[in-house]
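Below is entry-v2.cif, holding mmCIF, C-alpha atoms.
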```cif
data_upload
loop_
_atom_site.label_atom_id
_atom_site.label_comp_id
_atom_site.auth_asym_id
_atom_site.auth_seq_id
_atom_site.Cartn_x
_atom_site.Cartn_y
_atom_site.Cartn_z
CA MET A 1 61.45 33.02 62.34
CA SER A 2 58.11 31.18 62.51
CA LYS A 3 57.64 27.80 60.88
CA PRO A 4 55.43 27.59 57.76
CA TYR A 5 51.85 26.41 58.34
CA SER A 6 51.64 22.61 58.00
CA GLN A 7 48.45 21.21 56.47
CA TRP A 8 49.45 17.71 57.58
CA ALA A 9 49.99 18.77 61.17
CA ALA A 10 46.59 20.45 61.19
CA MET A 11 44.92 17.40 59.69
CA TRP A 12 46.47 15.05 62.26
CA ALA A 13 45.36 17.39 65.03
CA ILE A 14 41.79 16.95 63.73
CA VAL A 15 42.30 13.17 63.56
CA LYS A 16 43.52 13.09 67.18
CA ALA A 17 40.69 15.24 68.52
CA SER A 18 37.97 13.41 66.55
CA THR A 19 39.28 9.96 67.49
CA LYS A 20 39.20 10.87 71.19
CA ALA A 21 35.65 12.19 70.80
CA ILE A 22 34.49 9.00 69.06
CA PHE A 23 35.97 6.67 71.68
CA LYS A 24 34.36 8.76 74.41
CA SER A 25 30.94 8.48 72.75
CA PRO A 26 28.82 5.75 74.42
CA GLN A 27 26.55 5.56 71.36
CA ALA A 28 29.46 4.95 68.97
CA VAL A 29 30.96 2.21 71.15
CA PHE A 30 27.57 0.55 71.70
CA PHE A 31 26.40 0.36 68.09
CA SER A 32 29.83 -0.33 66.56
CA LEU A 33 31.16 -2.85 69.05
CA PHE A 34 28.85 -3.97 71.86
CA PHE A 35 25.70 -4.55 69.77
CA PRO A 36 27.48 -6.67 67.08
CA ILE A 37 29.21 -8.71 69.83
CA VAL A 38 25.80 -9.43 71.41
CA LEU A 39 24.55 -10.66 68.02
CA ILE A 40 27.65 -12.81 67.54
CA ILE A 41 27.06 -14.39 70.97
CA ILE A 42 23.43 -15.11 70.04
CA PHE A 43 24.25 -16.62 66.65
CA GLY A 44 27.27 -18.44 68.07
CA ALA A 45 25.03 -20.09 70.64
CA LEU A 46 22.77 -21.25 67.81
CA SER A 47 25.60 -22.90 65.90
CA GLY A 48 24.22 -26.35 66.58
CA GLY A 49 21.36 -26.01 64.10
CA ARG A 50 20.49 -24.34 60.82
CA GLY A 51 16.72 -24.51 60.45
CA ILE A 52 14.34 -27.03 58.93
CA THR A 53 15.16 -26.56 55.24
CA LEU A 54 17.67 -29.07 53.94
CA ASP A 55 19.62 -28.33 50.78
CA VAL A 56 20.31 -31.32 48.53
CA ALA A 57 21.37 -31.85 44.93
CA PHE A 58 20.77 -34.67 42.48
CA ASP A 59 23.56 -36.42 40.64
CA SER A 60 23.40 -35.73 36.90
CA LYS A 61 23.17 -39.50 36.22
CA SER A 62 20.08 -39.93 38.41
CA ASP A 63 16.88 -41.38 37.00
CA THR A 64 14.38 -38.51 37.33
CA SER A 65 11.47 -40.13 35.53
CA ASN A 66 10.15 -42.10 38.49
CA VAL A 67 7.69 -41.57 41.33
CA LEU A 68 10.45 -41.46 43.95
CA TYR A 69 12.12 -38.43 42.40
CA MET A 70 8.79 -36.60 42.08
CA ALA A 71 7.93 -37.34 45.72
CA ILE A 72 11.29 -35.99 46.96
CA LYS A 73 11.00 -32.94 44.71
CA ASN A 74 7.64 -31.99 46.28
CA ILE A 75 8.80 -32.11 49.91
CA ASN A 76 8.71 -28.58 51.40
CA ALA A 77 11.53 -29.28 53.87
CA ILE A 78 13.93 -30.19 51.03
CA ARG A 79 15.37 -27.59 48.67
CA ILE A 80 16.98 -28.92 45.51
CA ILE A 81 20.09 -27.03 44.47
CA LYS A 82 20.88 -26.93 40.76
CA SER A 83 24.40 -26.03 39.67
CA ASP A 84 27.40 -27.43 37.83
CA GLU A 85 29.17 -30.50 39.18
CA ALA A 86 32.25 -28.66 40.45
CA ASP A 87 30.13 -26.21 42.48
CA ILE A 88 28.01 -29.02 43.93
CA GLN A 89 31.10 -30.94 45.03
CA ASP A 90 32.56 -27.78 46.58
CA ARG A 91 29.35 -27.12 48.53
CA LEU A 92 29.21 -30.72 49.67
CA LYS A 93 32.77 -30.62 51.05
CA LYS A 94 31.97 -27.42 52.93
CA GLY A 95 28.72 -28.77 54.35
CA ARG A 96 26.56 -26.26 52.50
CA ILE A 97 24.38 -29.01 51.12
CA THR A 98 23.31 -31.99 53.19
CA ALA A 99 23.71 -34.64 50.53
CA LEU A 100 24.17 -35.38 46.85
CA LEU A 101 21.36 -37.78 45.91
CA SER A 102 21.39 -40.35 43.16
CA ILE A 103 18.50 -42.57 42.03
CA ILE A 104 19.73 -45.65 40.19
CA LYS A 105 17.72 -48.69 39.13
CA GLY A 106 18.07 -51.47 41.70
CA SER A 107 20.39 -54.40 41.14
CA ASP A 108 18.31 -56.91 43.14
CA ALA A 109 14.72 -58.07 42.88
CA SER A 110 13.61 -56.65 46.24
CA ASN A 111 14.25 -52.98 45.39
CA ALA A 112 13.21 -51.06 42.29
CA TYR A 113 15.84 -48.35 42.88
CA THR A 114 18.88 -47.56 44.98
CA LEU A 115 18.73 -44.12 46.58
CA GLY A 116 22.32 -43.08 47.24
CA LEU A 117 23.21 -40.34 49.74
CA LYS A 118 26.68 -38.88 49.25
CA THR A 119 27.47 -36.65 52.22
CA SER A 120 30.57 -35.21 53.87
CA SER A 121 32.05 -34.97 57.34
CA ALA A 122 31.32 -31.21 57.24
CA VAL A 123 27.55 -31.81 57.23
CA GLN A 124 25.70 -31.41 60.52
CA LYS A 125 24.88 -34.93 61.71
CA GLN A 126 21.40 -33.93 62.82
CA ASP A 127 20.68 -32.58 59.31
CA LEU A 128 21.69 -35.89 57.75
CA SER A 129 19.60 -37.76 60.32
CA VAL A 130 16.55 -35.63 59.53
CA LEU A 131 17.06 -36.07 55.79
CA THR A 132 17.37 -39.84 56.16
CA THR A 133 14.19 -39.95 58.26
CA ILE A 134 12.30 -37.92 55.64
CA LEU A 135 13.48 -40.15 52.79
CA ASN A 136 12.59 -43.33 54.69
CA SER A 137 9.12 -41.89 55.27
CA VAL A 138 8.74 -41.13 51.56
CA ILE A 139 9.79 -44.67 50.61
CA ALA A 140 7.37 -46.15 53.18
CA LYS A 141 4.43 -44.14 51.82
CA ILE A 142 5.17 -45.15 48.24
CA ASP A 143 5.47 -48.80 49.30
CA GLU A 144 2.12 -48.63 51.12
CA ALA A 145 0.42 -47.33 47.99
CA SER A 146 1.96 -49.96 45.71
CA PHE A 147 0.54 -53.36 44.81
CA ALA A 148 3.83 -55.16 45.25
CA PRO A 149 4.17 -55.68 49.03
CA THR A 150 7.29 -57.82 48.66
CA LYS A 151 9.19 -55.17 46.69
CA SER A 152 10.25 -51.76 47.96
CA ILE A 153 10.58 -48.73 45.74
CA ALA A 154 14.13 -48.12 46.98
CA LYS A 155 16.81 -48.85 49.53
CA ILE A 156 19.03 -46.12 50.92
CA THR A 157 22.83 -46.27 50.85
CA THR A 158 25.12 -43.66 52.43
CA GLU A 159 28.65 -42.59 51.50
CA GLU A 160 30.66 -40.01 53.45
CA ILE A 161 33.60 -38.08 52.01
CA PRO A 162 36.05 -35.86 53.94
CA GLY A 163 34.80 -32.29 54.29
CA ARG A 164 35.54 -28.97 55.90
CA LYS A 165 33.06 -27.89 58.53
CA TYR A 166 31.19 -24.70 57.73
CA LYS A 167 30.04 -23.34 61.07
CA LEU A 168 27.27 -20.78 61.57
CA ILE A 169 29.82 -18.29 62.91
CA ASP A 170 31.61 -18.46 59.53
CA PHE A 171 28.45 -17.10 57.95
CA TYR A 172 27.29 -14.69 60.63
CA LEU A 173 30.51 -12.95 61.69
CA PRO A 174 31.24 -11.34 58.27
CA GLY A 175 27.60 -10.23 58.22
CA MET A 176 27.92 -8.70 61.69
CA LEU A 177 31.13 -6.99 60.63
CA GLY A 178 29.38 -5.48 57.61
CA PHE A 179 26.44 -4.55 59.85
CA SER A 180 28.78 -2.67 62.20
CA LEU A 181 30.70 -0.91 59.42
CA ILE A 182 27.71 0.34 57.44
CA GLY A 183 25.81 1.57 60.49
CA ALA A 184 28.71 3.41 62.10
CA ALA A 185 30.02 4.89 58.84
CA VAL A 186 26.70 6.18 57.52
CA PHE A 187 25.28 7.44 60.83
CA GLY A 188 28.62 8.63 62.18
CA VAL A 189 29.60 10.70 59.16
CA ALA A 190 26.09 12.02 58.49
CA PHE A 191 25.46 13.22 62.06
CA VAL A 192 28.97 14.55 62.69
CA PHE A 193 29.26 16.62 59.54
CA TYR A 194 25.69 17.90 59.82
CA SER A 195 26.39 18.92 63.43
CA LEU A 196 29.70 20.57 62.50
CA ARG A 197 27.95 22.52 59.76
CA GLU A 198 24.99 23.59 61.92
CA THR A 199 27.23 24.76 64.76
CA LEU A 200 29.40 26.64 62.25
CA VAL A 201 32.48 24.63 63.26
CA LEU A 202 33.16 23.74 59.62
CA LYS A 203 32.85 27.38 58.65
CA ARG A 204 35.30 28.40 61.36
CA MET A 205 37.72 25.67 60.30
CA TYR A 206 37.43 26.87 56.72
CA SER A 207 38.40 30.37 57.82
CA THR A 208 41.73 29.01 59.15
CA PRO A 209 44.71 28.29 56.88
CA ILE A 210 43.87 24.58 56.67
CA LYS A 211 42.45 23.52 53.31
CA LYS A 212 39.01 21.94 52.88
CA GLY A 213 40.32 18.55 51.85
CA TYR A 214 42.47 18.19 54.96
CA ILE A 215 39.49 18.96 57.21
CA VAL A 216 37.39 16.24 55.57
CA ALA A 217 40.35 13.84 55.51
CA GLY A 218 41.07 14.41 59.20
CA GLU A 219 37.51 13.61 60.28
CA SER A 220 37.37 10.65 57.90
CA ILE A 221 40.63 9.11 59.11
CA ALA A 222 39.40 9.32 62.70
CA ARG A 223 36.26 7.39 61.75
CA ILE A 224 38.27 4.80 59.84
CA LEU A 225 40.70 4.24 62.73
CA PHE A 226 37.85 3.73 65.17
CA GLN A 227 35.96 1.33 62.91
CA LEU A 228 39.04 -0.69 62.02
CA ALA A 229 39.74 -1.03 65.75
CA THR A 230 36.23 -2.43 66.27
CA ALA A 231 36.73 -4.75 63.28
CA VAL A 232 39.88 -6.13 64.92
CA VAL A 233 37.96 -6.79 68.17
CA LEU A 234 35.03 -8.47 66.38
CA ILE A 235 37.24 -10.76 64.27
CA LEU A 236 39.42 -11.81 67.21
CA PHE A 237 36.36 -12.27 69.44
CA GLY A 238 34.78 -14.60 66.87
CA LYS A 239 38.06 -16.47 66.34
CA PHE A 240 38.96 -17.17 69.95
CA PHE A 241 35.48 -17.64 71.43
CA TYR A 242 33.61 -19.38 68.58
CA GLY A 243 36.28 -20.74 66.26
CA PHE A 244 35.67 -18.34 63.37
CA THR A 245 37.62 -19.63 60.38
CA LEU A 246 40.61 -17.64 59.16
CA SER A 247 41.67 -19.88 56.27
CA ASN A 248 45.14 -18.41 55.81
CA GLY A 249 45.73 -17.28 59.38
CA TRP A 250 47.04 -13.77 59.87
CA ILE A 251 47.07 -13.13 56.12
CA THR A 252 43.30 -13.62 56.09
CA PHE A 253 42.98 -11.41 59.16
CA PHE A 254 44.75 -8.49 57.44
CA GLU A 255 42.83 -9.06 54.20
CA LEU A 256 39.57 -8.77 56.15
CA LEU A 257 40.80 -5.43 57.50
CA VAL A 258 41.59 -4.25 53.95
CA LEU A 259 38.07 -5.21 52.86
CA SER A 260 36.68 -3.44 55.95
CA PHE A 261 38.58 -0.30 54.93
CA LEU A 262 37.17 -0.48 51.40
CA GLY A 263 33.65 -0.98 52.76
CA LEU A 264 34.10 2.00 55.10
CA VAL A 265 35.12 4.23 52.21
CA VAL A 266 31.94 3.31 50.33
CA PHE A 267 29.62 3.74 53.31
CA MET A 268 31.23 7.03 54.35
CA GLY A 269 30.46 8.35 50.87
CA PHE A 270 26.79 7.76 51.59
CA GLY A 271 27.21 9.46 54.96
CA PHE A 272 28.68 12.59 53.31
CA PHE A 273 25.81 12.62 50.83
CA ILE A 274 23.14 12.30 53.53
CA SER A 275 24.73 15.00 55.71
CA SER A 276 24.62 17.40 52.75
CA VAL A 277 21.04 16.79 51.56
CA ALA A 278 19.45 16.60 55.04
CA LYS A 279 17.43 19.73 55.81
CA ASN A 280 17.40 19.02 59.55
CA GLN A 281 18.83 16.49 62.00
CA ASN A 282 15.55 14.58 62.32
CA VAL A 283 15.57 13.33 58.73
CA ILE A 284 19.10 11.88 58.89
CA PRO A 285 17.92 8.56 60.46
CA ILE A 286 15.19 8.31 57.80
CA TYR A 287 17.60 8.76 54.90
CA ALA A 288 20.20 6.49 56.52
CA ASN A 289 17.72 3.69 57.19
CA LEU A 290 16.32 3.92 53.65
CA PHE A 291 19.83 3.08 52.49
CA MET A 292 20.77 0.54 55.17
CA PHE A 293 17.70 -1.50 56.09
CA PRO A 294 16.98 -2.98 52.63
CA GLN A 295 20.60 -4.11 52.52
CA TYR A 296 20.41 -5.74 55.95
CA PHE A 297 17.75 -8.11 54.60
CA LEU A 298 18.83 -8.43 50.95
CA SER A 299 22.61 -8.67 51.28
CA GLY A 300 23.01 -11.92 53.20
CA THR A 301 23.66 -10.28 56.55
CA PHE A 302 21.31 -12.35 58.72
CA PHE A 303 20.33 -15.18 56.36
CA PRO A 304 21.64 -16.58 53.03
CA LYS A 305 20.71 -14.72 49.84
CA SER A 306 19.62 -18.06 48.36
CA ALA A 307 16.49 -17.84 50.52
CA LEU A 308 15.34 -14.88 48.39
CA PRO A 309 13.45 -15.28 45.08
CA ALA A 310 15.66 -16.17 42.13
CA GLY A 311 14.51 -13.08 40.25
CA MET A 312 16.18 -10.84 42.85
CA GLN A 313 19.61 -12.48 42.72
CA ASN A 314 20.86 -10.53 39.68
CA PHE A 315 19.96 -7.26 41.43
CA ILE A 316 21.11 -7.79 44.99
CA LYS A 317 24.64 -8.87 44.03
CA PHE A 318 25.36 -5.26 43.02
CA LEU A 319 24.47 -3.82 46.44
CA PRO A 320 27.59 -2.61 48.29
CA LEU A 321 26.87 -4.57 51.47
CA THR A 322 26.32 -7.75 49.41
CA ALA A 323 29.69 -7.32 47.73
CA LEU A 324 31.38 -6.72 51.09
CA ASN A 325 29.72 -9.71 52.80
CA ASP A 326 30.46 -12.04 49.88
CA ALA A 327 34.10 -10.95 49.64
CA MET A 328 34.65 -11.39 53.38
CA ARG A 329 33.16 -14.89 53.37
CA LYS A 330 35.21 -15.94 50.36
CA VAL A 331 38.40 -14.66 52.00
CA SER A 332 37.75 -15.94 55.53
CA PHE A 333 36.31 -19.41 54.89
CA GLU A 334 37.08 -20.35 51.30
CA GLY A 335 40.69 -19.20 51.52
CA LEU A 336 40.62 -16.85 48.56
CA HIS A 337 42.76 -13.72 48.51
CA ILE A 338 41.48 -10.22 47.82
CA TRP A 339 42.68 -10.25 44.22
CA GLN A 340 40.61 -13.41 43.70
CA THR A 341 37.42 -11.57 44.68
CA GLY A 342 37.69 -9.20 41.74
CA THR A 343 33.95 -8.91 41.05
CA GLU A 344 33.10 -7.88 44.61
CA VAL A 345 36.06 -5.45 44.87
CA LEU A 346 35.12 -3.83 41.54
CA ILE A 347 31.52 -3.37 42.74
CA LEU A 348 32.74 -1.70 45.94
CA ALA A 349 35.22 0.48 44.03
CA ALA A 350 32.50 1.56 41.58
CA TRP A 351 30.19 2.52 44.46
CA ALA A 352 33.01 4.43 46.18
CA ILE A 353 33.82 6.47 43.05
CA LEU A 354 30.15 7.14 42.31
CA MET A 355 29.24 8.24 45.83
CA PHE A 356 32.23 10.53 46.31
CA ILE A 357 31.60 12.21 42.95
CA ILE A 358 28.00 12.84 44.02
CA ALA A 359 29.00 13.85 47.56
CA ALA A 360 31.59 16.31 46.20
CA ARG A 361 28.89 18.00 44.13
CA VAL A 362 26.36 18.37 46.94
CA PHE A 363 28.66 18.86 49.96
CA ARG A 364 28.02 22.14 51.80
CA TRP A 365 30.20 24.02 54.28
CA ASN A 366 27.36 26.13 55.71
#
```

Could you take the file, read its structure, and then write that structure out as structure tokens?
Amino acid sequence: MSKPYSQWAAMWAIVKASTKAIFKSPQAVFFSLFFPIVLIIIFGALSGGRGITLDVAFDSKSDTSNVLYMAIKNINAIRIIKSDEADIQDRLKKGRITALLSIIKGSDASNAYTLGLKTSSAVQKQDLSVLTTILNSVIAKIDEASFAPTKSIAKITTEEIPGRKYKLIDFYLPGMLGFSLIGAAVFGVAFVFYSLRETLVLKRMYSTPIKKGYIVAGESIARILFQLATAVVLILFGKFFYGFTLSNGWITFFELLVLSFLGLVVFMGFGFFISSVAKNQNVIPIYANLFMFPQYFLSGTFFPKSALPAGMQNFIKFLPLTALNDAMRKVSFEGLHIWQTGTEVLILAAWAILMFIIAARVFRWN
């Protein structure tokens, strides 16, 4: 007596065959693993500096009605961050701003004001040195233009508080992980399913006893297994070679994999959609890049979103890659858990539901 046909056994046979094919593909290994590792090495080597723009904030009690404040405000190399006190203190402890400035009227006759610099041990020392040099130059220019040669506009005092060092790798590795996931998921799914349809493999599979859903699930699970394996390599590579921060140790590591899985589900939905609407194989890269490239530059993958115009911030936070990057950085460096990144997870879940509803409507078997 023959055994009944097993949909699960058929699906896992597809998973096994597809996984072997993916790992044997030089293109898949290069773009999912080797290329992101090269970028991590490049950005890791640059971890000693962060550019010429210095972020500072002013204490709420500062006197802002004087010439010194206006001179600092107009310096191109200094960007003034405005936020609530708790957020400013949090950024300062993590080294995300160079100093918290305060301008207070001087207590002695030789200085009109005291310019206080509150910094933290997490701040790059060269950034603080550059900021101090700039401020001394500003004070010197104001003094030269004044008619009181015996009195300076201000003296600088510095206070350092304990902080947690925020390294460049802590910013770039989550971005490289998102870069790897979105590229491999969108291109991989789009090309594979288009190829399977054009070569009539999907049609032949559909003529077998296996159900449609198990065919799609089998191919999808193979992609997910491969990409999660590359995520493991990238995270461990960053941790052991460049000191990537995993705030809660192995718990953070597994939470990053859960976020990677959620991101893959979203990006694969776009891959299914593109594979169904593409009229020929040549347009797949065009459609895929129209979806991916804007996100590379708007979602904080290669540089902070704060560098973009303020008017764009309310829009870009709803992009799926933005939500993934932000959630990963909050979990890895800030020590939050997945359930504490509710906004980002909800955005990813909404995109996943939307894209699979659309993909289900347009998906074609032949």

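Residues surrounding A:Val130 within 10 Å are A:Ile52, A:Leu54, A:Ala77, A:Thr98, A:Lys125, A:Gln126, A:Asp127, A:Thr133, A:Ile134, A:Leu135, A:Asn136 [all atoms listed in the file; sequence separation below 3 positions excluded].
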
Legend entry - Expansion of the PyMOL selection byres ((chain A and resi 267-281) around 7) into residues, as a ChimeraX atom specification: /A:182,185-187,189-191,193-194,263-266,282-284,287,352,355-356,359,362-364

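From atom CA of A:Ile81 back to atom CA of A:Phe58, the distance works out to 7.9 Å.
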
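For the pair atom CA of A:Leu236 and atom CA of A:Ala122, the separation is 23.3 Å.
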
Legend entry - Counting all atoms listed in the file, the residue of A:Phe303, A:Tyr172, A:Phe226, A:Phe318 that sits nearest A:Leu346: A:Phe318

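Shortest separation to A:Pro320 among A:Leu257, A:Leu298, A:Ile251, A:Ile78 occurs at residue A:Leu298, atoms counted being only C-alpha atoms.
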
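Evaluated against the shown file, the PyMOL selection byres ((chain A and resi 171) around 10) gives A:Phe43, A:Tyr166, A:Lys167, A:Leu168, A:Ile169, A:Asp170, A:Tyr172, A:Leu173, A:Pro174, A:Gly175, A:Met176, A:Phe244, A:Thr245, A:Gly300, A:Thr301, A:Phe302, A:Phe303, A:Pro304, A:Asn325, A:Asp326, A:Met328, A:Arg329, A:Ser332, A:Phe333.
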
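Each of A:Ala145, A:Ile139, A:Leu92, A:Leu259 was checked against A:Thr119 using all atoms listed in the file; the smallest atom-to-atom distance is that of A:Leu92.
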
Inset, instruction - Find, counting only C-alpha atoms, the residue in A:Leu354, A:Ala154, A:Gly335, A:Gly95 that gets nearest to A:Asn66. - result: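 Closest to A:Asn66 of all the choices is A:Ala154.
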
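Minimum atom-to-atom distance to A:Leu225, evaluated using all atoms listed in the file, belongs to A:Phe261 out of A:Ser299, A:Ala99, A:Lys305, A:Phe261.
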
Legend entry - the PyMOL selection byres ((chain A and resi 118) around 6) applied to the shown file, residues as a list in words: Ala99, Leu100, Leu117, Thr119, Thr158, Glu159 and Glu160 of chain A

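When all atoms listed in the file are used to compute distances to A:Thr252, the closest of the residues A:Leu228, A:Ser180, A:Pro285, A:Ile338 turns out to be A:Ile338.
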
Inset, instruction - Please indicate the distance in Å from atom CA of A:Phe315 to atom CA of A:Thr343, rounded to one decimal place. - result: 14.1 Å

Inset, instruction - Extract, using only C-alpha atoms, all DNA, RNA and protein residues at most 9 Å from stretch 9-22 of chain A, discarding same-chain residues fewer than 6 positions from it, and format them as a ChimeraX atom specification. - result: /A:28-29,210,214-223,225-226
